Amino acid sequence: MKQAYLPRALETPLRRAAATFPAVVLTGPRQTGKSTLVRRLFAGTHQYVTLDDPVLQDQAREDPRLFLATHPSPLVIDEIQHAPSLLSYVKMAVDGGAREEGRYILTGSQLFPLMKGVAESLAGRAAILNLYGFSSWEIAQIPQPGPADALRALCSSPSPFDPLALASRLRRGTFPDPSLRPDLDPRTWHASYARTFLERDVRGLRAVGDLSEFQRFLLLLATRCGSFLNASDLARDVGVSHATIRAWLSVLEASGQVALLYPWYRNLGRRMVKAPKVYFTDTGTLAYLLKADREEGLLEGPLGGMLFENHVYGECLRLFTHMGEEPRLWTWRTADGHEVDVVMDLGDRIIPIEVKLTATPSRKHAEGIRRFQDLVGADAAQGFVACTTDSPTQLTDDVWAVGLTGCQGSTQS
């Protein structure tokens, strides 16, 4: 069953970048819809080629100059990581004549070789944007707000809580196929995705030698999702060195599979925890690794809270990246146990967000936020407890509980 195209929040930033820079690089994990997006936006103005085609891939590698002469700009080059040397010739083409905006639209999934090539060849000449899976706003076909407005908007917009719809959202994840096609079995899809990621992306990176050890690392990392990461403990459990764990984490970060959320801190007069939290960028990937195979009872089980916290972090991440911005997200915890799950730094104000899988939020759920606000002072803005409440609830003068269920108006059910 073919899914109708749903507009992406990144469309406006992508058009704006193409009107401002000679080249645009669109990156992100596999299967997030990069090819679909650029083909739709630039079908009327740009020729399209994909280096997934082995013939075109060989041409781009063996004779980049002839490849670009054969495929003149304006040009979309999809999956450019298959021929990273082509970037140098794109640079020469950009520099060789009068500045022309939007000449080259480049996409790629394997961020290590791609970003290295961009840094070396297209610095100052290319805008770099990131596309992840669908946000809840995109699925519901509601204009996605910016980071500064999203949580505040939820305070005036009740969202009825449907446990099975939320469980389905968490298990299916954010990738277009499993999230938008109810006929697909999410476990089968994510199993295939994991195999593709391991065999096509990970195997080609020098940091990974033994693929079976890496798979064990991936499974153990999933059990630590939402926790403060202790690389030494993880290295001991996997049976590899601390340096290997760090290298493997960088592989997952570079390929867009996980994100490390580092602590926000100032000189607040007390010792702060400095280890990062780890999150998967897609809850469907996490649910697959944790063997969360049933939606019934998922939210009541031990995995529900972990998946929901990962979901809320992912929504915050997409609020920034799908507006074309770098995510300014942190976490916070004191040595004596006071914690805020996500700190959103907007420059002029700092928004603390606590995540609780509960439909009945209370003042006790706001305690970490209140402590953070007291210590930070005037820079700390109104805080939010992200939960599954039907109606926004004011817990304190400066803390609201809002429903962030991820299934408002969903097309997937």
# chains A, B, ... in the order shown; residues from 1 in each chain; ligands from 1

$ select_by_dssp --residues "stretch 40-266 of chain A" --states "helix (DSSP H, G or I)" --output "MDAnalysis selection string"
chainID A and resid 40:42 54:62 64:70 80:82 86:95 111:121 136:139 147:154 163:172 176:180 186:202 211:223 231:238 242:254

$ residues_around --residues "A:Lys34" --least-positions-apart "3" --cutoff "12 Å" --atoms "only C-alpha atoms" --output "VMD selection string"
chain A and resid 8 10 to 11 14 25 to 31 37 to 41 50 76 to 79 105 to 109 129 to 134 175 to 176

$ residues_around --residues "A:Pro145" --least-positions-apart "4" --cutoff "12 Å" --atoms "only C-alpha atoms" --output "PyMOL selection string"
chain A and resi 9-10+135-138+141+149-154+315-316+318-323

$ atom_distance --atom1 "atom CA of A:Pro160" --atom2 "atom CA of A:Leu184"
25.6 Å

$ residues_around --residues "stretch 333-346 of chain A" --least-positions-apart "2" --cutoff "10 Å" --atoms "only C-alpha atoms" --output "JSON, numbers by chain"
{"A": [147, 148, 226, 227, 228, 261, 262, 263, 264, 265, 268, 270, 271, 272, 273, 274, 275, 277, 309, 312, 313, 316, 317, 327, 328, 329, 330, 331, 348, 349, 350, 351, 352, 353, 354, 355, 356, 366, 367, 368, 369, 370, 371, 372, 379, 380, 381, 383, 384, 385]}

$ residues_around --residues "stretch 64-70 of chain A" --least-positions-apart "3" --cutoff "12 Å" --atoms "only C-alpha atoms" --output "number ranges by chain"
A: 47, 49, 51, 55-61, 73-77, 80, 83-94, 103-104

$ atom_distance --atom1 "atom CA of A:Asn310" --atom2 "atom CA of A:Ala378"
28.7 Å

$ closest_residue --among "A:Ala359, A:Ala287, A:Ala123, A:Ala19" --to "A:Arg169" --atoms "only C-alpha atoms"
A:Ala287

$ atom_distance --atom1 "atom CA of A:Gly44" --atom2 "atom CA of A:Ala23"
17.3 Å

$ select_by_dssp --residues "stretch 154-372 of chain A" --states "strand (DSSP E)" --output "VMD selection string"
chain A and resid 258 to 261 277 to 280 329 to 333 339 to 345 350 to 355

$ residues_around --residues "A:Leu299" --least-positions-apart "4" --cutoff "8 Å" --atoms "only C-alpha atoms" --output "list of chain:residue names"
A:Pro163, A:Ala167, A:Leu303, A:Gly304, A:Gly305, A:Leu357

$ write_last_selection --atoms "N, CA and C atoms" --output "short mmCIF file (atom, residue, chain, number, x, y, z; two decimals), in the first residue's frame"
data_model
loop_
_atom_site.label_atom_id
_atom_site.label_comp_id
_atom_site.auth_asym_id
_atom_site.auth_seq_id
_atom_site.Cartn_x
_atom_site.Cartn_y
_atom_site.Cartn_z
N PRO A 163 -4.20 5.22 24.96
CA PRO A 163 -3.03 4.38 25.28
C PRO A 163 -2.56 3.51 24.13
N ALA A 167 1.03 3.63 22.30
CA ALA A 167 1.86 2.42 22.25
C ALA A 167 2.23 2.08 20.82
N LEU A 303 9.11 -1.28 30.17
CA LEU A 303 9.71 -0.57 29.04
C LEU A 303 8.96 0.70 28.68
N GLY A 304 7.74 0.85 29.19
CA GLY A 304 6.91 1.98 28.79
C GLY A 304 7.54 3.32 29.10
N GLY A 305 8.04 3.48 30.33
CA GLY A 305 8.64 4.76 30.71
C GLY A 305 9.87 5.08 29.89
N LEU A 357 5.63 9.19 32.59
CA LEU A 357 4.57 8.42 31.94
C LEU A 357 3.42 8.28 32.94
#
